[in-house]
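Colleague: I am sharing protein-v1.txt, which consists of compact mmCIF, C-alpha atoms:
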```txt
# COMPACT_ATOMS: atom_id res chain seq x y z
CA MET Y 1 -4.00 188.50 -104.31
CA ILE Y 2 -4.64 185.86 -106.95
CA GLY Y 3 -7.27 184.38 -104.66
CA THR Y 4 -9.17 187.68 -104.45
CA ARG Y 5 -9.02 188.22 -108.20
CA ARG Y 6 -10.27 184.76 -108.84
CA ALA Y 7 -13.11 185.27 -106.36
CA LEU Y 8 -14.05 188.51 -108.14
CA LEU Y 9 -13.99 186.73 -111.50
CA TRP Y 10 -16.36 184.09 -110.15
CA VAL Y 11 -18.69 186.70 -108.69
CA ALA Y 12 -18.86 188.28 -112.15
CA LEU Y 13 -19.44 184.87 -113.75
CA ALA Y 14 -22.23 184.11 -111.30
CA ILE Y 15 -24.21 187.32 -111.83
CA PRO Y 16 -26.06 186.24 -115.01
CA ALA Y 17 -27.00 182.94 -113.33
CA ALA Y 18 -28.27 184.78 -110.26
CA LEU Y 19 -30.43 187.03 -112.45
CA MET Y 20 -31.87 184.05 -114.32
CA ILE Y 21 -32.69 182.21 -111.11
CA GLN Y 22 -34.23 185.36 -109.66
CA ARG Y 23 -36.43 185.78 -112.76
CA PHE Y 24 -37.59 182.21 -112.45
CA VAL Y 25 -38.24 182.30 -108.69
CA SER Y 26 -40.16 185.59 -108.92
CA GLY Y 27 -42.37 184.07 -111.61
CA GLU Y 28 -41.31 186.67 -114.17
CA ALA Y 29 -39.93 183.97 -116.46
CA LEU Y 30 -40.95 180.38 -117.11
CA ALA Y 31 -38.28 177.68 -117.10
CA MET Y 32 -38.61 177.47 -120.87
CA ASP Y 33 -37.89 181.21 -121.18
CA LEU Y 34 -34.50 180.59 -119.60
CA TYR Y 35 -33.32 177.92 -122.05
CA HIS Y 36 -32.01 180.57 -124.36
CA PRO Y 37 -30.10 182.80 -121.90
CA SER Y 38 -28.51 179.89 -120.01
CA GLY Y 39 -27.53 177.98 -123.15
CA GLU Y 40 -26.20 181.06 -124.87
CA MET Y 41 -24.12 181.91 -121.82
CA ALA Y 42 -22.62 178.39 -121.81
CA VAL Y 43 -21.68 178.73 -125.50
CA ARG Y 44 -20.17 182.18 -124.99
CA LEU Y 45 -18.08 181.02 -122.05
CA MET Y 46 -16.82 178.09 -124.13
CA ILE Y 47 -15.72 180.61 -126.74
CA LEU Y 48 -13.89 182.60 -124.06
CA ALA Y 49 -12.13 179.41 -122.98
CA LEU Y 50 -11.25 178.36 -126.54
CA LEU Y 51 -10.16 181.67 -128.06
CA PRO Y 52 -6.88 182.57 -126.30
CA GLY Y 53 -5.06 179.39 -127.42
CA PRO Y 54 -5.14 179.94 -131.18
CA LEU Y 55 -4.86 183.72 -130.71
CA ALA Y 56 -1.69 183.42 -128.65
CA ASP Y 57 -0.33 180.98 -131.20
CA ALA Y 58 -0.99 183.39 -134.04
CA LEU Y 59 -0.19 186.74 -132.43
CA GLY Y 60 2.44 185.77 -129.86
CA HIS Y 61 2.07 185.77 -126.11
CA SER Y 62 1.26 189.37 -125.31
CA ARG Y 63 0.60 190.30 -121.70
CA PHE Y 64 -3.12 190.43 -122.35
CA LEU Y 65 -3.24 186.99 -123.96
CA ARG Y 66 -1.02 185.51 -121.24
CA GLY Y 67 -3.45 186.81 -118.63
CA TRP Y 68 -6.38 185.43 -120.58
CA LEU Y 69 -4.66 182.03 -120.89
CA THR Y 70 -4.14 181.82 -117.13
CA ILE Y 71 -7.86 182.26 -116.43
CA ARG Y 72 -9.29 180.30 -119.36
CA ARG Y 73 -9.93 177.21 -117.26
CA ASN Y 74 -12.32 179.27 -115.14
CA PHE Y 75 -14.34 180.13 -118.26
CA GLY Y 76 -14.44 176.48 -119.24
CA VAL Y 77 -15.72 175.36 -115.85
CA ALA Y 78 -18.23 178.21 -115.81
CA ALA Y 79 -19.44 177.14 -119.27
CA PHE Y 80 -20.09 173.66 -117.90
CA LEU Y 81 -21.95 175.08 -114.89
CA TYR Y 82 -24.16 177.17 -117.19
CA ALA Y 83 -24.83 174.06 -119.25
CA LEU Y 84 -25.90 172.34 -116.02
CA LEU Y 85 -28.17 175.29 -115.19
CA HIS Y 86 -29.60 174.93 -118.71
CA LEU Y 87 -30.32 171.27 -117.84
CA VAL Y 88 -31.96 172.26 -114.55
CA PHE Y 89 -34.32 174.60 -116.42
CA TYR Y 90 -35.03 171.77 -118.85
CA VAL Y 91 -35.94 169.40 -116.01
CA LEU Y 92 -38.12 172.09 -114.40
CA ASP Y 93 -39.86 172.67 -117.72
CA MET Y 94 -40.40 169.01 -118.60
CA ARG Y 95 -41.35 167.92 -115.06
CA MET Y 96 -41.56 164.23 -115.95
CA ILE Y 97 -38.60 161.92 -116.57
CA ALA Y 98 -40.80 159.92 -118.96
CA ALA Y 99 -41.42 163.02 -121.09
CA MET Y 100 -37.68 163.73 -121.19
CA LEU Y 101 -36.85 160.17 -122.20
CA ASP Y 102 -39.57 160.31 -124.83
CA GLU Y 103 -37.87 163.16 -126.67
CA VAL Y 104 -34.25 162.02 -126.33
CA VAL Y 105 -34.42 160.63 -129.88
CA ILE Y 106 -35.18 164.04 -131.38
CA PRO Y 107 -31.94 165.38 -132.96
CA GLY Y 108 -32.37 168.80 -131.37
CA ILE Y 109 -32.43 167.13 -127.94
CA TRP Y 110 -29.80 164.37 -128.09
CA THR Y 111 -27.24 166.75 -129.53
CA GLY Y 112 -27.68 168.82 -126.35
CA TRP Y 113 -27.30 165.81 -124.08
CA LEU Y 114 -24.20 164.63 -125.93
CA ALA Y 115 -22.64 168.10 -125.76
CA LEU Y 116 -23.17 168.11 -122.00
CA VAL Y 117 -21.70 164.62 -121.57
CA LEU Y 118 -18.64 165.60 -123.62
CA MET Y 119 -18.16 168.70 -121.44
CA LEU Y 120 -18.33 166.59 -118.32
CA VAL Y 121 -14.85 165.14 -118.86
CA PRO Y 122 -12.89 168.39 -119.32
CA ALA Y 123 -14.84 169.95 -116.43
CA ALA Y 124 -14.13 167.00 -114.13
CA ILE Y 125 -10.38 167.15 -114.79
CA SER Y 126 -10.08 170.92 -114.57
CA SER Y 127 -8.20 171.00 -111.26
CA ASP Y 128 -4.45 171.60 -110.90
CA ARG Y 129 -4.10 168.19 -109.38
CA ALA Y 130 -5.77 166.44 -112.34
CA MET Y 131 -3.61 168.51 -114.66
CA ARG Y 132 -0.41 167.30 -112.96
CA TRP Y 133 -1.62 163.75 -112.76
CA LEU Y 134 -2.60 163.49 -116.42
CA GLY Y 135 0.44 165.33 -117.75
CA ARG Y 136 0.45 165.48 -121.53
CA ARG Y 137 -2.80 163.56 -121.82
CA TRP Y 138 -4.62 166.40 -120.02
CA LYS Y 139 -4.65 168.55 -123.12
CA SER Y 140 -6.03 165.87 -125.40
CA TRP Y 141 -8.89 165.25 -122.97
CA GLN Y 142 -9.59 168.97 -122.85
CA ARG Y 143 -10.00 168.95 -126.63
CA LEU Y 144 -13.37 167.27 -126.12
CA VAL Y 145 -14.63 170.82 -125.70
CA TYR Y 146 -14.44 171.28 -129.48
CA PRO Y 147 -16.97 168.58 -130.41
CA ALA Y 148 -19.06 169.70 -127.41
CA PHE Y 149 -19.04 173.25 -128.74
CA LEU Y 150 -20.03 172.19 -132.27
CA LEU Y 151 -22.77 169.93 -130.92
CA ALA Y 152 -24.09 172.75 -128.75
CA LEU Y 153 -24.38 174.96 -131.84
CA ILE Y 154 -26.09 172.17 -133.81
CA HIS Y 155 -28.45 171.63 -130.85
CA TRP Y 156 -29.31 175.34 -130.95
CA LEU Y 157 -29.77 175.34 -134.72
CA LEU Y 158 -32.02 172.25 -134.72
CA LEU Y 159 -34.35 173.80 -132.15
CA ASP Y 160 -34.53 177.35 -133.46
CA TRP Y 161 -33.82 176.99 -137.18
CA GLN Y 162 -32.11 180.36 -137.18
CA TRP Y 163 -28.72 180.28 -138.89
CA GLY Y 164 -27.72 183.75 -137.69
CA PRO Y 165 -26.96 183.08 -134.00
CA ALA Y 166 -25.14 179.79 -134.66
CA LEU Y 167 -22.90 181.40 -137.29
CA VAL Y 168 -22.23 184.47 -135.15
CA HIS Y 169 -20.99 182.21 -132.36
CA LEU Y 170 -18.90 180.12 -134.72
CA ALA Y 171 -17.21 183.16 -136.28
CA PRO Y 172 -14.72 184.17 -133.52
CA LEU Y 173 -13.24 180.68 -133.29
CA GLY Y 174 -13.25 180.29 -137.05
CA LEU Y 175 -11.30 183.52 -137.39
CA ALA Y 176 -8.85 182.66 -134.62
CA TRP Y 177 -8.11 179.27 -136.15
CA THR Y 178 -7.71 180.73 -139.64
CA LEU Y 179 -5.29 183.26 -138.20
CA ARG Y 180 -3.41 180.51 -136.40
CA PHE Y 181 -2.94 178.45 -139.54
CA ALA Y 182 -2.22 181.40 -141.82
CA LEU Y 183 0.42 182.92 -139.56
CA ARG Y 184 1.96 179.61 -138.62
CA ARG Y 185 2.30 178.69 -142.27
CA ARG Y 186 3.95 182.01 -143.05
CA LYS Y 187 6.38 181.51 -140.19
CA SER Y 188 7.36 178.02 -141.34
CA LEU Y 189 7.68 179.27 -144.93
CA SER Y 190 10.00 182.11 -143.99
CA ARG Y 191 12.00 179.70 -141.89
CA SER Y 192 12.45 177.31 -144.81
CA ILE Y 193 13.54 180.18 -147.07
CA ALA Y 194 16.07 181.36 -144.51
CA MET G 1 -0.79 164.68 -134.34
CA THR G 2 0.24 163.04 -137.62
CA PHE G 3 -1.41 163.79 -140.93
CA ARG G 4 -2.96 160.34 -140.98
CA GLN G 5 -4.54 160.79 -137.55
CA ASN G 6 -5.79 164.16 -138.64
CA ALA G 7 -7.35 162.79 -141.79
CA LYS G 8 -8.95 159.97 -139.85
CA ARG G 9 -10.48 162.39 -137.38
CA SER G 10 -11.79 164.67 -140.12
CA ALA G 11 -13.36 161.70 -141.86
CA LEU G 12 -15.04 160.65 -138.61
CA ALA G 13 -16.32 164.15 -138.02
CA ALA G 14 -17.65 164.36 -141.58
CA ALA G 15 -19.39 160.99 -141.19
CA ALA G 16 -20.95 162.15 -137.92
CA PHE G 17 -22.28 165.29 -139.58
CA ALA G 18 -23.64 163.31 -142.51
CA ALA G 19 -25.41 160.90 -140.17
CA LEU G 20 -26.89 163.80 -138.29
CA GLY G 21 -28.08 165.33 -141.54
CA LEU G 22 -29.85 162.10 -142.50
CA ALA G 23 -31.43 161.86 -139.07
CA VAL G 24 -33.17 165.21 -139.42
CA PRO G 25 -36.65 164.74 -140.83
CA ALA G 26 -39.15 167.41 -141.90
CA GLN G 27 -37.60 170.66 -140.85
CA ALA G 28 -39.25 173.33 -138.85
CA ASP G 29 -38.72 176.88 -139.89
CA GLY G 30 -37.90 179.75 -137.60
CA ASP G 31 -40.24 182.10 -139.44
CA VAL G 32 -43.84 181.11 -139.89
CA THR G 33 -46.01 183.55 -141.81
CA CYS G 34 -49.77 183.48 -141.47
CA ASN G 35 -50.73 186.20 -143.99
CA ALA G 36 -53.06 187.54 -141.32
CA GLY G 37 -53.55 191.06 -142.68
CA PRO G 38 -54.10 194.15 -140.51
CA GLN G 39 -54.22 193.64 -136.75
CA LYS G 40 -57.61 195.42 -136.53
CA ALA G 41 -59.33 192.35 -137.91
CA TRP G 42 -57.59 189.94 -135.53
CA GLN G 43 -59.55 188.09 -132.89
CA LYS G 44 -58.54 188.35 -129.26
CA MET G 45 -55.58 186.18 -128.38
CA SER G 46 -57.32 185.07 -125.18
CA LYS G 47 -59.74 183.08 -127.32
CA LEU G 48 -56.92 180.62 -127.88
CA LYS G 49 -57.27 179.47 -124.28
CA LYS G 50 -60.39 177.57 -125.22
CA LYS G 51 -58.66 176.14 -128.27
CA ALA G 52 -55.84 174.86 -126.09
CA TRP G 53 -58.34 173.44 -123.61
CA LEU G 54 -60.13 171.57 -126.40
CA GLU G 55 -56.79 170.09 -127.48
CA GLU G 56 -56.24 169.01 -123.87
CA TRP G 57 -53.06 171.06 -123.72
CA GLU G 58 -51.64 172.74 -120.67
CA LEU G 59 -51.16 176.30 -121.83
CA LEU G 60 -47.79 177.78 -120.90
CA LYS G 61 -47.57 181.00 -122.89
CA MET G 62 -49.23 182.89 -125.73
CA GLN G 63 -47.64 185.58 -127.86
CA VAL G 64 -47.72 187.32 -131.22
CA GLU G 65 -44.95 185.96 -133.44
CA GLY G 66 -44.60 187.79 -136.74
CA ASP G 67 -48.18 187.88 -138.00
CA CYS G 68 -49.23 184.73 -136.17
CA TYR G 69 -50.43 183.80 -132.75
CA GLU G 70 -48.00 181.41 -131.10
CA VAL G 71 -48.92 179.12 -128.25
CA TYR G 72 -46.43 177.26 -126.05
CA ALA G 73 -48.05 174.29 -124.39
CA ARG G 74 -47.66 170.81 -122.99
CA THR G 75 -49.76 167.99 -124.36
CA LYS G 76 -51.41 165.56 -122.01
CA GLU G 77 -48.58 163.10 -122.79
CA GLY G 78 -46.13 165.69 -121.50
CA GLN G 79 -44.76 166.71 -124.91
CA SER G 80 -43.52 170.25 -125.15
CA ILE G 81 -45.00 171.95 -128.22
CA GLU G 82 -45.21 175.25 -130.06
CA ALA G 83 -48.37 175.84 -132.09
CA PHE G 84 -49.11 178.62 -134.57
CA PHE G 85 -52.68 179.88 -135.04
CA HIS G 86 -54.15 182.21 -137.61
CA PRO G 87 -55.08 185.43 -135.78
CA VAL G 88 -58.29 185.99 -137.80
CA THR G 89 -59.68 182.49 -138.19
CA LEU G 90 -57.93 181.04 -135.09
CA LYS G 91 -57.21 177.97 -137.18
CA LYS G 92 -54.37 175.75 -136.00
CA LEU G 93 -51.83 176.04 -138.81
CA VAL G 94 -48.66 174.32 -137.75
CA VAL G 95 -47.27 172.63 -134.63
CA PHE G 96 -43.62 172.08 -133.75
CA ARG G 97 -42.10 169.83 -131.16
CA ARG G 98 -38.48 170.59 -130.27
CA GLY G 99 -37.76 172.00 -133.70
CA GLN G 100 -39.61 169.27 -135.59
CA GLU G 101 -42.86 169.81 -137.42
CA ILE G 102 -45.49 167.41 -136.10
CA TYR G 103 -48.62 168.95 -137.59
CA ARG G 104 -49.46 171.11 -140.57
CA ALA G 105 -52.93 172.15 -141.67
CA ASP G 106 -53.94 171.06 -145.16
CA GLY G 107 -52.80 173.56 -147.75
CA PHE G 108 -50.89 175.77 -145.31
CA THR G 109 -47.55 176.78 -146.76
CA GLY G 110 -46.46 179.76 -144.62
```
What's the structure tokens form of this structure?
Modeller:
Amino acid sequence: MIGTRRALLWVALAIPAALMIQRFVSGEALAMDLYHPSGEMAVRLMILALLPGPLADALGHSRFLRGWLTIRRNFGVAAFLYALLHLVFYVLDMRMIAAMLDEVVIPGIWTGWLALVLMLVPAAISSDRAMRWLGRRWKSWQRLVYPAFLLALIHWLLLDWQWGPALVHLAPLGLAWTLRFALRRRKSLSRSIA
Amino acid sequence: MTFRQNAKRSALAAAAFAALGLAVPAQADGDVTCNAGPQKAWQKMSKLKKKAWLEEWELLKMQVEGDCYEVYARTKEGQSIEAFFHPVTLKKLVVFRRGQEIYRADGFTG
């Protein structure tokens, strides 16, 4: 049962990628037209992976949040795969390794590379086996997603110079973390009074 | 995580952001305005093909962006660029490469 559900989840996660690839293959979109959809998808999936933690901490483990927490790793891995697709479109657009190396020094570009490299670690250790093997250290390695997420937003901002989208994507996590700290503080305060 | 570790991490993060800020030179802007006036007086966008050819660019895409013509192209060195042209005079006004301004026509402030 869990296997089927997981398969369905992955089918759903793969649909946007399939549409992007289809648009590229049919010639409807250039590789450069697909930077935005693939990158945005990666960022949104990172948010889906990062949100349930602080939310569950703040609001308690409701059934919905428990369910979300059990599938969050899938969102994280999917985010990494969309980031890889983003890279594939970049390579298809640039065509030459020399041209890619030439622009690595541009802040808008190296921030993207670094975000991808940082995501590589959490993605590589996403399996149950790696989780068991690493024990408590697993979580600290997974936290690399936070700098990766911030770098991805900076990468976006430095290329587009539009504050709106970056802030919109920062808002959900900002709110969840504020909630986490506010409610946690209240809890510890009431405990100390009692 | 102890408070000290936390503070250390925050300081590192702040330093990283500051370094990044210093590393960003002349900033491109998302909205270029060309003050092009009514569209009736605009020249045909297809005329930009010749302009791109003269620059030795490989033309990827042309579109209207705000009141400017925008050209996506690759230079002969393989650099990916975005160039804005005035729709009436077809003058090259400003060129961006990956979010950085690499050319601006004299006196153009839009």
Colleague: One decimal, in Å: what's the spacing between atom CA of Y:Leu55 and atom CA of Y:Ala42?
Modeller: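 Rounded to one decimal, the two atoms are 20.6 Å apart.
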Colleague: Find the residues of chain Y in contact range of chain G, meaning any atom within 7 Å when counting all atoms listed in the file, and list them as a list in words.
Modeller: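 The contacting residues on chain Y are Ala99, Pro107, Gly108, Leu158, Leu159, Asp160, Trp161 and Gln162 of chain Y.
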Colleague: Considering all atoms listed in the file, can you say which of G:Glu70, G:Asp106, G:Glu58, G:Glu65 comes closest to G:Leu90?
Modeller: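 Of G:Glu70, G:Asp106, G:Glu58, G:Glu65, the one nearest G:Leu90 is G:Glu70, counting all atoms listed in the file.
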Colleague: So what do you get for atom CA of G:Gly107 versus atom CA of G:Ile81, distance-wise?
Modeller: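 Pair atom CA of G:Gly107 / atom CA of G:Ile81 returns 21.1 Å.
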Colleague: One decimal, in Å: what's the spacing between atom CA of Y:Leu8 and atom CA of Y:Ala115?
Modeller: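 If I compute the distance from atom CA of Y:Leu8 to atom CA of Y:Ala115, I get 28.3 Å.
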Colleague: Which protein, DNA or RNA residues have an atom at most 7 Å from (-49.3, 193.4, -138.8), counting only C-alpha atoms? List them as a list in words.
Modeller: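 Collected hits near the coordinates: Gly37, Pro38, Gln39 and Asp67 of chain G.
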Colleague: Once you have the residues from the selection above, write them out as a compact mmCIF listing (two decimals), keeping the file's coordinate frame, restricted to C-alpha atoms.
Modeller:
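Contents of the output file part.txt:
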```
# COMPACT_ATOMS: atom_id res chain seq x y z
CA GLY G 37 -53.55 191.06 -142.68
CA PRO G 38 -54.10 194.15 -140.51
CA GLN G 39 -54.22 193.64 -136.75
CA ASP G 67 -48.18 187.88 -138.00
```
Colleague: Is it possible to get the residues within 12 Å of (-21.8, 174.5, -112.4) (coordinates as in the file, counting all atoms listed in the file) written as an MDAnalysis selection string?
Modeller: chainID Y and resid 10 13:14 17 38 42 74:88 116 119:120 123:124
Colleague: Can you tell me which residues surround Y:Val168 at a distance of at most 12 Å, considering only C-alpha atoms, apart from same-chain residues fewer than 5 positions away, and format the answer as a list of chain:residue names?
Modeller: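 Listing them by chain and then by number gives Y:Glu40, Y:Val43, Y:Arg44, Y:Ile47, Y:Leu153, Y:Leu157, Y:Gln162, Y:Trp163, Y:Leu173, Y:Gly174, Y:Leu175.
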Colleague: Rebuild stretch 45-72 of chain G so that it carries N, CA and C atoms, then output the result as a short mmCIF file (atom, residue, chain, number, x, y, z; two decimals), in the frame of the given file.
Modeller:
```
data_model
loop_
_atom_site.label_atom_id
_atom_site.label_comp_id
_atom_site.auth_asym_id
_atom_site.auth_seq_id
_atom_site.Cartn_x
_atom_site.Cartn_y
_atom_site.Cartn_z
N MET G 45 -56.47 187.32 -128.60
CA MET G 45 -55.58 186.18 -128.38
C MET G 45 -56.11 185.27 -127.27
N SER G 46 -56.83 185.86 -126.32
CA SER G 46 -57.32 185.07 -125.18
C SER G 46 -58.29 183.97 -125.61
N LYS G 47 -58.84 184.13 -126.83
CA LYS G 47 -59.74 183.08 -127.32
C LYS G 47 -59.01 181.76 -127.57
N LEU G 48 -57.69 181.85 -127.65
CA LEU G 48 -56.92 180.62 -127.88
C LEU G 48 -56.90 179.72 -126.65
N LYS G 49 -57.24 180.29 -125.50
CA LYS G 49 -57.27 179.47 -124.28
C LYS G 49 -58.24 178.31 -124.44
N LYS G 50 -59.39 178.63 -125.03
CA LYS G 50 -60.39 177.57 -125.22
C LYS G 50 -59.89 176.52 -126.22
N LYS G 51 -59.24 177.05 -127.27
CA LYS G 51 -58.66 176.14 -128.27
C LYS G 51 -57.69 175.15 -127.62
N ALA G 52 -56.83 175.70 -126.77
CA ALA G 52 -55.84 174.86 -126.09
C ALA G 52 -56.53 173.85 -125.18
N TRP G 53 -57.59 174.33 -124.52
CA TRP G 53 -58.34 173.44 -123.61
C TRP G 53 -58.97 172.29 -124.40
N LEU G 54 -59.50 172.61 -125.57
CA LEU G 54 -60.13 171.57 -126.40
C LEU G 54 -59.10 170.54 -126.87
N GLU G 55 -57.86 171.01 -127.05
CA GLU G 55 -56.79 170.09 -127.48
C GLU G 55 -56.26 169.27 -126.30
N GLU G 56 -56.73 169.61 -125.12
CA GLU G 56 -56.24 169.01 -123.87
C GLU G 56 -54.77 169.35 -123.62
N TRP G 57 -54.42 170.59 -123.98
CA TRP G 57 -53.06 171.06 -123.72
C TRP G 57 -53.04 171.85 -122.41
N GLU G 58 -51.86 171.81 -121.78
CA GLU G 58 -51.64 172.74 -120.67
C GLU G 58 -50.96 173.97 -121.26
N LEU G 59 -51.66 175.08 -121.21
CA LEU G 59 -51.16 176.30 -121.83
C LEU G 59 -50.04 176.91 -120.99
N LEU G 60 -48.90 177.18 -121.64
CA LEU G 60 -47.79 177.78 -120.90
C LEU G 60 -47.65 179.27 -121.20
N LYS G 61 -47.83 179.62 -122.49
CA LYS G 61 -47.57 181.00 -122.89
C LYS G 61 -48.20 181.27 -124.24
N MET G 62 -48.71 182.49 -124.42
CA MET G 62 -49.23 182.89 -125.73
C MET G 62 -48.56 184.19 -126.13
N GLN G 63 -48.24 184.32 -127.42
CA GLN G 63 -47.64 185.58 -127.86
C GLN G 63 -47.88 185.78 -129.36
N VAL G 64 -47.67 187.04 -129.79
CA VAL G 64 -47.72 187.32 -131.22
C VAL G 64 -46.33 187.06 -131.77
N GLU G 65 -46.24 186.24 -132.82
CA GLU G 65 -44.95 185.96 -133.44
C GLU G 65 -45.08 186.27 -134.92
N GLY G 66 -44.42 187.34 -135.36
CA GLY G 66 -44.60 187.79 -136.74
C GLY G 66 -46.05 188.21 -136.91
N ASP G 67 -46.75 187.58 -137.87
CA ASP G 67 -48.18 187.88 -138.00
C ASP G 67 -49.02 186.67 -137.63
N CYS G 68 -48.52 185.91 -136.65
CA CYS G 68 -49.23 184.73 -136.17
C CYS G 68 -49.42 184.81 -134.66
N TYR G 69 -50.36 184.03 -134.18
CA TYR G 69 -50.43 183.80 -132.75
C TYR G 69 -49.64 182.52 -132.47
N GLU G 70 -48.81 182.58 -131.44
CA GLU G 70 -48.00 181.41 -131.10
C GLU G 70 -48.35 180.96 -129.69
N VAL G 71 -48.55 179.68 -129.54
CA VAL G 71 -48.92 179.12 -128.25
C VAL G 71 -47.86 178.10 -127.83
N TYR G 72 -47.32 178.27 -126.64
CA TYR G 72 -46.43 177.26 -126.05
C TYR G 72 -47.27 176.44 -125.09
#
```
